[in-house]
file entry-v2.txt (compact mmCIF, C-alpha atoms)
# COMPACT_ATOMS: atom_id res chain seq x y z
CA MET A 12 0.00 0.00 0.00
CA MET A 13 1.27 3.46 -0.91
CA ARG A 14 1.25 6.00 1.91
CA VAL A 15 0.54 9.53 0.67
CA ALA A 16 0.77 12.66 2.82
CA ILE A 17 -1.62 15.40 1.66
CA ALA A 18 -0.57 18.85 2.91
CA LEU A 19 -3.53 21.23 3.15
CA GLY A 20 -2.06 24.11 1.16
CA ASP A 21 -3.46 27.52 2.05
CA PRO A 22 -5.95 26.82 4.86
CA ASN A 23 -8.12 29.73 3.74
CA GLY A 24 -8.36 28.43 0.19
CA ILE A 25 -10.03 25.29 -1.15
CA GLY A 26 -7.10 23.09 -0.13
CA PRO A 27 -8.65 21.71 3.08
CA GLU A 28 -11.90 20.84 1.28
CA ILE A 29 -10.33 18.98 -1.62
CA ALA A 30 -7.86 17.29 0.74
CA VAL A 31 -10.63 15.95 2.99
CA GLU A 32 -12.71 14.84 0.01
CA ALA A 33 -9.74 13.13 -1.65
CA ALA A 34 -8.85 11.31 1.58
CA THR A 35 -12.45 10.18 1.89
CA HIS A 36 -12.38 8.97 -1.73
CA PHE A 37 -9.39 6.72 -1.01
CA ALA A 38 -10.58 5.53 2.40
CA ARG A 39 -11.75 2.19 0.98
CA ASP A 40 -8.91 1.78 -1.52
CA ASP A 41 -6.49 -0.89 -0.35
CA ARG A 42 -3.74 0.47 -2.62
CA ILE A 43 -3.50 3.98 -1.16
CA ASP A 44 -3.33 5.16 2.45
CA PRO A 45 -3.92 8.94 2.61
CA LEU A 46 -2.75 11.01 5.57
CA LEU A 47 -3.63 14.69 5.85
CA VAL A 48 -1.04 17.12 7.23
CA GLY A 49 -2.13 20.41 8.75
CA ASP A 50 -3.86 22.07 11.67
CA GLY A 51 -6.24 19.58 13.22
CA PHE A 52 -8.95 22.15 13.87
CA VAL A 53 -8.97 23.13 10.17
CA ILE A 54 -9.33 19.51 9.10
CA GLU A 55 -12.03 18.75 11.66
CA GLU A 56 -14.05 21.87 10.85
CA THR A 57 -13.77 21.20 7.10
CA ALA A 58 -14.96 17.60 7.51
CA ARG A 59 -17.85 18.76 9.69
CA ARG A 60 -18.90 21.37 7.13
CA LEU A 61 -18.76 18.78 4.32
CA GLY A 62 -20.68 16.21 6.37
CA LEU A 63 -17.80 13.72 6.22
CA ALA A 64 -15.90 11.73 8.82
CA THR A 65 -12.59 13.32 9.82
CA PRO A 66 -9.80 11.55 7.88
CA ALA A 67 -6.57 10.40 9.49
CA PHE A 68 -4.19 13.30 9.91
CA VAL A 69 -0.87 14.38 11.37
CA GLU A 70 -1.13 17.53 13.42
CA ALA A 71 1.07 20.33 12.08
CA PRO A 72 0.11 23.32 14.23
CA ALA A 73 0.84 26.49 12.29
CA LEU A 74 -2.26 28.69 12.09
CA GLU A 75 -3.72 30.71 14.91
CA PHE A 76 -7.45 30.16 15.18
CA ALA A 77 -8.27 33.82 14.57
CA ALA A 78 -6.53 33.66 11.16
CA TYR A 79 -8.74 30.83 9.89
CA ALA A 80 -11.17 32.55 7.53
CA PRO A 81 -11.94 30.67 4.31
CA GLY A 82 -11.96 32.99 1.33
CA THR A 83 -9.46 35.43 2.83
CA LEU A 84 -5.90 36.07 1.68
CA ASP A 85 -3.80 36.26 4.84
CA PRO A 86 -0.01 36.12 5.36
CA ARG A 87 -0.57 33.94 8.42
CA ALA A 88 -2.23 31.36 6.19
CA GLY A 89 0.70 31.69 3.79
CA TRP A 90 3.10 30.88 6.61
CA ALA A 91 0.96 27.87 7.54
CA THR A 92 1.02 26.66 3.92
CA VAL A 93 4.79 26.34 4.04
CA ALA A 94 4.70 24.74 7.50
CA TYR A 95 2.25 22.06 6.33
CA ALA A 96 4.35 21.23 3.25
CA ALA A 97 7.53 21.13 5.31
CA ALA A 98 5.96 18.75 7.83
CA ALA A 99 4.80 16.46 5.01
CA VAL A 100 8.23 16.46 3.37
CA ARG A 101 9.82 15.58 6.71
CA LEU A 102 7.51 12.56 6.92
CA ALA A 103 8.73 11.48 3.47
CA LEU A 104 12.39 11.98 4.36
CA ALA A 105 11.84 9.87 7.50
CA GLY A 106 10.31 7.08 5.41
CA GLU A 107 6.90 7.43 7.07
CA VAL A 108 5.15 8.19 3.77
CA ASP A 109 6.00 7.31 0.18
CA ALA A 110 4.89 10.54 -1.49
CA VAL A 111 3.57 14.02 -0.77
CA ILE A 112 0.76 16.04 -2.31
CA GLY A 113 0.69 19.79 -1.77
CA CYS A 114 -2.76 21.35 -2.09
CA PRO A 115 -3.09 24.81 -3.69
CA HIS A 116 -1.01 27.64 -2.28
CA SER A 117 -1.13 31.41 -2.61
CA GLU A 118 2.26 32.77 -3.58
CA THR A 119 1.08 36.22 -2.54
CA ALA A 120 0.14 35.06 0.96
CA VAL A 121 3.41 33.18 1.42
CA ASN A 122 5.58 36.07 0.25
CA ARG A 123 3.63 38.53 2.41
CA ALA A 124 4.56 36.28 5.31
CA GLY A 125 8.18 37.14 4.60
CA ILE A 126 9.04 33.82 2.97
CA ALA A 127 10.67 33.94 -0.45
CA PHE A 128 8.51 31.49 -2.39
CA SER A 129 7.94 30.89 -6.09
CA GLY A 130 6.21 27.50 -5.98
CA TYR A 131 6.55 24.09 -4.40
CA PRO A 132 9.58 22.79 -6.39
CA GLY A 133 11.92 25.40 -4.90
CA LEU A 134 10.58 24.75 -1.41
CA VAL A 135 11.02 21.00 -1.79
CA ALA A 136 14.55 21.60 -3.06
CA ASP A 137 15.37 23.63 0.04
CA LEU A 138 13.82 21.07 2.37
CA THR A 139 15.75 18.19 0.79
CA GLY A 140 19.11 19.89 0.32
CA THR A 141 18.75 19.93 -3.46
CA PRO A 142 20.18 22.95 -5.33
CA ARG A 143 17.26 25.04 -6.54
CA GLU A 144 18.62 25.07 -10.08
CA ARG A 145 18.23 21.27 -10.13
CA ALA A 146 14.56 21.22 -9.06
CA PHE A 147 11.93 21.67 -11.76
CA LEU A 148 8.17 21.54 -12.31
CA MET A 149 6.49 19.14 -14.71
CA LEU A 150 2.80 19.50 -15.55
CA ALA A 151 0.85 16.49 -16.78
CA ALA A 152 -2.66 16.14 -18.16
CA GLN A 153 -4.32 13.72 -20.56
CA GLY A 154 -1.03 12.24 -21.72
CA LEU A 155 0.71 15.58 -22.26
CA ARG A 156 3.74 16.23 -20.03
CA ILE A 157 5.67 19.50 -20.02
CA ALA A 158 8.66 20.23 -17.77
CA HIS A 159 9.81 23.82 -17.18
CA ALA A 160 13.35 25.19 -17.11
CA THR A 161 12.16 28.40 -15.39
CA LEU A 162 8.96 29.11 -13.54
CA HIS A 163 7.64 32.02 -11.46
CA GLU A 164 9.96 34.89 -12.29
CA PRO A 165 10.08 37.85 -14.67
CA VAL A 166 10.72 36.81 -18.25
CA GLY A 167 13.87 38.94 -18.35
CA ALA A 168 15.25 37.22 -15.26
CA ALA A 169 14.33 33.81 -16.62
CA LEU A 170 16.06 34.55 -19.91
CA ALA A 171 19.20 35.64 -18.07
CA ARG A 172 19.22 32.36 -16.14
CA LEU A 173 18.86 30.08 -19.14
CA THR A 174 22.11 28.26 -19.91
CA PRO A 175 22.98 25.00 -21.67
CA ASP A 176 23.70 23.45 -18.25
CA LEU A 177 20.23 24.37 -16.95
CA VAL A 178 18.53 22.86 -19.99
CA ILE A 179 20.66 19.72 -19.70
CA ALA A 180 19.74 19.37 -16.00
CA LEU A 181 16.04 19.75 -16.87
CA ALA A 182 16.31 17.07 -19.56
CA GLN A 183 18.09 14.67 -17.23
CA ALA A 184 15.43 15.16 -14.52
CA ALA A 185 12.71 14.61 -17.14
CA VAL A 186 14.31 11.38 -18.35
CA ALA A 187 14.63 10.06 -14.79
CA THR A 188 10.97 10.88 -14.14
CA ALA A 189 9.85 9.29 -17.39
CA ARG A 190 11.61 6.08 -16.44
CA ARG A 191 9.83 6.09 -13.08
CA LEU A 192 6.64 6.38 -15.10
CA GLY A 193 7.57 3.18 -16.89
CA ILE A 194 8.84 4.82 -20.10
CA ALA A 195 12.12 2.98 -20.61
CA ALA A 196 13.36 5.00 -23.59
CA PRO A 197 11.72 8.44 -23.36
CA ARG A 198 11.79 10.86 -26.27
CA LEU A 199 12.00 14.54 -25.43
CA GLY A 200 10.86 17.57 -27.38
CA LEU A 201 12.79 20.80 -26.72
CA PHE A 202 11.00 24.13 -27.15
CA GLY A 203 13.07 26.98 -28.53
CA ILE A 204 13.47 30.22 -26.61
CA ASN A 205 12.52 32.48 -29.50
CA PRO A 206 9.80 32.06 -32.15
CA HIS A 207 10.75 29.25 -34.53
CA ALA A 208 13.71 28.58 -32.20
CA GLY A 209 15.30 31.73 -33.57
CA GLU A 210 15.39 30.74 -37.28
CA ASP A 211 19.18 30.25 -37.15
CA GLY A 212 19.72 33.61 -35.48
CA LEU A 213 17.17 35.62 -37.47
CA PHE A 214 14.97 36.15 -34.38
CA GLY A 215 17.73 36.38 -31.78
CA ASP A 216 20.81 34.38 -30.87
CA GLU A 217 19.58 32.85 -27.59
CA ASP A 218 18.82 29.47 -29.12
CA GLU A 219 22.21 29.43 -30.82
CA ARG A 220 23.84 30.00 -27.42
CA VAL A 221 21.59 27.96 -25.14
CA THR A 222 19.17 25.37 -26.52
CA LYS A 223 21.17 24.16 -29.51
CA PRO A 224 24.37 23.40 -27.53
CA ALA A 225 22.25 21.74 -24.84
CA ALA A 226 20.49 19.52 -27.37
CA ALA A 227 23.81 18.55 -28.97
CA ALA A 228 25.29 17.58 -25.60
CA LEU A 229 22.21 15.57 -24.67
CA ARG A 230 22.28 13.64 -27.96
CA ALA A 231 25.97 12.94 -27.44
CA GLY A 232 25.03 11.52 -24.05
CA GLY A 233 22.51 9.14 -25.54
CA ILE A 234 19.28 11.02 -24.78
CA ALA A 235 16.68 11.06 -27.56
CA ILE A 236 15.69 14.69 -28.00
CA ASP A 237 14.19 16.64 -30.88
CA GLY A 238 14.66 20.37 -31.22
CA PRO A 239 15.00 23.07 -30.38
CA LEU A 240 11.93 23.83 -32.44
CA GLY A 241 9.04 26.23 -32.04
CA ALA A 242 6.69 25.14 -29.27
CA ASP A 243 3.72 25.36 -31.64
CA LEU A 244 5.37 23.02 -34.14
CA LEU A 245 6.43 20.44 -31.56
CA LEU A 246 3.07 20.40 -29.79
CA GLY A 247 1.30 20.05 -33.11
CA ARG A 248 3.20 16.81 -33.72
CA ARG A 249 2.51 15.33 -30.23
CA GLY A 250 5.13 12.66 -30.80
CA HIS A 251 7.13 12.98 -27.58
CA ASP A 252 6.91 11.65 -24.05
CA ILE A 253 7.93 14.88 -22.33
CA TYR A 254 8.34 18.41 -23.66
CA LEU A 255 10.84 20.89 -22.24
CA ALA A 256 9.54 24.45 -21.91
CA MET A 257 11.88 27.36 -21.32
CA PHE A 258 9.36 29.67 -19.66
CA HIS A 259 6.26 29.41 -17.46
CA ASP A 260 3.63 30.27 -20.08
CA GLN A 261 5.16 28.05 -22.79
CA GLY A 262 4.25 25.03 -20.69
CA HIS A 263 1.30 26.19 -18.63
CA ILE A 264 -0.91 27.50 -21.42
CA PRO A 265 -1.20 24.23 -23.40
CA ILE A 266 -1.76 22.18 -20.25
CA LYS A 267 -4.39 24.58 -18.89
CA LEU A 268 -6.17 24.68 -22.25
CA LEU A 269 -6.24 20.89 -22.34
CA SER A 270 -7.25 20.39 -18.72
CA PRO A 271 -7.79 23.56 -16.68
CA LEU A 272 -8.75 21.91 -13.38
CA ARG A 273 -7.44 18.36 -13.53
CA ALA A 274 -3.75 18.71 -14.33
CA SER A 275 -1.04 17.42 -11.99
CA ALA A 276 2.16 19.28 -11.12
CA LEU A 277 5.15 17.12 -10.23
CA ALA A 278 8.40 18.35 -8.68
CA ILE A 279 11.22 16.60 -10.53
CA GLY A 280 14.91 16.47 -9.74
CA THR A 281 14.37 16.11 -5.97
CA PRO A 282 14.62 12.93 -3.84
CA VAL A 283 11.06 13.25 -2.48
CA LEU A 284 8.14 12.24 -4.67
CA PHE A 285 6.14 15.48 -4.48
CA ALA A 286 3.23 16.65 -6.58
CA SER A 287 0.49 19.24 -6.48
CA VAL A 288 -2.48 20.27 -8.56
CA ALA A 289 -2.14 22.82 -11.33
CA HIS A 290 -4.88 25.17 -10.13
CA GLY A 291 -5.04 27.83 -7.47
CA CYS A 292 -6.64 28.43 -4.09
CA ALA A 293 -9.97 29.66 -5.50
CA PHE A 294 -10.59 32.03 -2.59
CA ASP A 295 -13.87 33.04 -4.25
CA ILE A 296 -15.43 29.63 -3.51
CA ALA A 297 -13.43 28.55 -0.46
CA GLY A 298 -15.52 27.32 2.43
CA GLN A 299 -18.62 26.77 0.30
CA GLY A 300 -18.23 23.02 -0.15
CA VAL A 301 -18.33 23.21 -3.96
CA ALA A 302 -14.64 22.75 -4.81
CA ASP A 303 -13.84 19.83 -7.13
CA PRO A 304 -11.34 17.34 -5.64
CA THR A 305 -10.73 15.55 -8.95
CA GLY A 306 -7.31 17.14 -9.44
CA VAL A 307 -6.04 15.83 -6.11
CA ILE A 308 -7.57 12.40 -6.68
CA GLU A 309 -5.96 12.09 -10.11
CA THR A 310 -2.63 13.37 -8.81
CA VAL A 311 -2.60 10.76 -6.04
CA THR A 312 -3.45 8.13 -8.64
CA MET A 313 -0.59 9.35 -10.83
CA LEU A 314 1.88 9.08 -7.96
CA ALA A 315 0.67 5.58 -7.19
CA GLY A 316 1.47 4.64 -10.77
CA ILE A 317 4.97 6.07 -10.48
CA ARG A 318 5.56 4.24 -7.23
CA SER A 319 4.42 0.91 -8.62
CA SER A 320 6.39 1.18 -11.87

call {"tool": "encode", "arguments": {"input": "entry-v2.txt", "output": "structure tokens"}}
result
Amino acid sequence: MMRVAIALGDPNGIGPEIAVEAATHFARDDRIDPLLVGDGFVIEETARRLGLATPAFVEAPALEFAAYAPGTLDPRAGWATVAYAAAAVRLALAGEVDAVIGCPHSETAVNRAGIAFSGYPGLVADLTGTPRERAFLMLAAQGLRIAHATLHEPVGAALARLTPDLVIALAQAAVATARRLGIAAPRLGLFGINPHAGEDGLFGDEDERVTKPAAAALRAGGIAIDGPLGADLLLGRRGHDIYLAMFHDQGHIPIKLLSPLRASALAIGTPVLFASVAHGCAFDIAGQGVADPTGVIETVTMLAGIRSS
């Protein structure tokens, strides 16, 4: 049986609701043992409001009672978000769980709490002693998988950080993940930085300096990779196991168009099996009992497949 820790995410968002509903969904599944991680009073109140039994949980006290207000953006809830994820990762590092799910977070709330935060992969990297430049995000939905070289940062800063070494590290993490998914000989598709991957320098020299040398080195190392080519061209072919995006929107837009609420987000390149959902906190509906837990359920199912492969 796979043991999965589900961190609540932002306690004032929909995270507690979808976590409780997902845990209830798997309660009778003999393949998966869910364990919620967060403030006990948030879990108990959420279960009561949904009319469900309180699932098994590990107490991670982080939120003062007065700050619990579903639908409200609050730095105290942002601080709790990180505390819940950290507690869940510690369980994984101790071997008490096999994988971790992080429910939706608010980057605004976390940063207002004074914590530099740009998404779960960087946090998991810090918690596991992995260099941040070796931790990446991969989105997956309906057979489409896209890993990102850069994520939540200004485009100018992301462009300045792109190097052949970064692209090579992303590709290597993607190959390792693909093999855990049971894909023995994965084929990668590399998106160019510029339109048409620069057209041999016509639209900028970034691909000449970054993606083309990276692709050449990866091929020399035995990795099957096509590109760099324009993202539109590669996605139109859909002939690859994992695509490598250079920027946030290159990868997020096609996944969100394909599956806006049911995509999974997997941290790759870190020793802990960690995933989240690819949607936000939905403060506008938090606490109303109408949030859809399908994304969490499918993400847990995806992790179970990785674990068993």

call {"tool": "closest_residue", "arguments": {"input": "entry-v2.txt", "among": "A:Gly306, A:Gly26, A:Gly106, A:Gly215", "to": "A:Ala293", "atoms": "all atoms listed in the file"}}
result
A:Gly26

call {"tool": "closest_atom_pairs", "arguments": {"input": "entry-v2.txt", "of": "stretch 250-317 of chain A", "to": "stretch 37-55 of chain A", "cutoff": "12 Å", "atoms": "only C-alpha atoms", "output": "Markdown table"}}
result
| residue | atom | partner | partner_atom | distance |
| --- | --- | --- | --- | --- |
| A:Gly298 | CA | A:Val53 | CA | 11.0 |
| A:Pro304 | CA | A:Phe37 | CA | 11.7 |
| A:Thr305 | CA | A:Phe37 | CA | 12.0 |
| A:Val307 | CA | A:Phe37 | CA | 11.0 |
| A:Ile308 | CA | A:Phe37 | CA | 8.2 |
| A:Glu309 | CA | A:Phe37 | CA | 11.1 |
| A:Val311 | CA | A:Ile43 | CA | 8.4 |
| A:Thr312 | CA | A:Ile43 | CA | 8.6 |
| A:Met313 | CA | A:Ile43 | CA | 11.4 |
| A:Leu314 | CA | A:Ile43 | CA | 10.1 |
| A:Ala315 | CA | A:Ile43 | CA | 7.5 |
| A:Gly316 | CA | A:Arg42 | CA | 10.5 |

call {"tool": "residues_near_point", "arguments": {"input": "entry-v2.txt", "point": "(7.1, 28.2, -18.2)", "cutoff": "8 Å", "atoms": "all atoms listed in the file", "output": "PyMOL selection string"}}
result
chain A and resi 159-163+256-263

call {"tool": "write_last_selection", "arguments": {"input": "entry-v2.txt", "atoms": "C-alpha atoms", "output": "CSV table (one decimal), in the coordinates of the input"}}
result
chain,number,residue,atom,x,y,z
A,159,HIS,CA,9.8,23.8,-17.2
A,160,ALA,CA,13.4,25.2,-17.1
A,161,THR,CA,12.2,28.4,-15.4
A,162,LEU,CA,9.0,29.1,-13.5
A,163,HIS,CA,7.6,32.0,-11.5
A,256,ALA,CA,9.5,24.4,-21.9
A,257,MET,CA,11.9,27.4,-21.3
A,258,PHE,CA,9.4,29.7,-19.7
A,259,HIS,CA,6.3,29.4,-17.5
A,260,ASP,CA,3.6,30.3,-20.1
A,261,GLN,CA,5.2,28.0,-22.8
A,262,GLY,CA,4.2,25.0,-20.7
A,263,HIS,CA,1.3,26.2,-18.6

call {"tool": "closest_residue", "arguments": {"input": "entry-v2.txt", "among": "A:Ala225, A:Pro142, A:Val69, A:Ile264", "to": "A:Arg101", "atoms": "all atoms listed in the file"}}
result
A:Val69

call {"tool": "closest_atom_pairs", "arguments": {"input": "entry-v2.txt", "of": "stretch 37-127 of chain A", "to": "stretch 265-284 of chain A", "cutoff": "8 Å", "atoms": "only C-alpha atoms", "output": "tab-separated table"}}
result
residue	atom	partner	partner_atom	distance
A:Val100	CA	A:Val283	CA	7.2
A:Ala103	CA	A:Val283	CA	6.6
A:Leu104	CA	A:Val283	CA	7.1
A:Asp109	CA	A:Leu284	CA	7.2
A:Ala110	CA	A:Leu284	CA	4.9
A:Val111	CA	A:Leu284	CA	6.3

call {"tool": "write_last_selection", "arguments": {"input": "entry-v2.txt", "atoms": "C-alpha atoms", "output": "compact mmCIF listing (two decimals), in the coordinates of the input"}}
result
# COMPACT_ATOMS: atom_id res chain seq x y z
CA VAL A 100 8.23 16.46 3.37
CA ALA A 103 8.73 11.48 3.47
CA LEU A 104 12.39 11.98 4.36
CA ASP A 109 6.00 7.31 0.18
CA ALA A 110 4.89 10.54 -1.49
CA VAL A 111 3.57 14.02 -0.77

call {"tool": "atom_distance", "arguments": {"input": "entry-v2.txt", "atom1": "atom CA of A:Arg230", "atom2": "atom CA of A:Ala208"}}
result
17.7 Å

call {"tool": "residues_around", "arguments": {"input": "entry-v2.txt", "residues": "A:Phe294", "least_positions_apart": "6", "cutoff": "7 Å", "atoms": "only C-alpha atoms", "output": "list in words"}}
result
Gly24, Ile25, Gly82 and Thr83 of chain A

call {"tool": "write_last_selection", "arguments": {"input": "entry-v2.txt", "atoms": "C-alpha atoms", "output": "compact mmCIF listing (two decimals), in the frame of the given file"}}
result
# COMPACT_ATOMS: atom_id res chain seq x y z
CA GLY A 24 -8.36 28.43 0.19
CA ILE A 25 -10.03 25.29 -1.15
CA GLY A 82 -11.96 32.99 1.33
CA THR A 83 -9.46 35.43 2.83

call {"tool": "closest_residue", "arguments": {"input": "entry-v2.txt", "among": "A:Ala184, A:Ala196, A:Glu217, A:Ala231", "to": "A:Ala158", "atoms": "only C-alpha atoms"}}
result
A:Ala184

call {"tool": "atom_distance", "arguments": {"input": "entry-v2.txt", "atom1": "atom CA of A:Ile179", "atom2": "atom CA of A:Gly247"}}
result
23.6 Å

call {"tool": "closest_residue", "arguments": {"input": "entry-v2.txt", "among": "A:Leu255, A:Ala77, A:Ala120, A:Gly300", "to": "A:Phe147", "atoms": "only C-alpha atoms"}}
result
A:Leu255

call {"tool": "atom_distance", "arguments": {"input": "entry-v2.txt", "atom1": "atom CA of A:Ala94", "atom2": "atom CA of A:Ala152"}}
result
28.0 Å
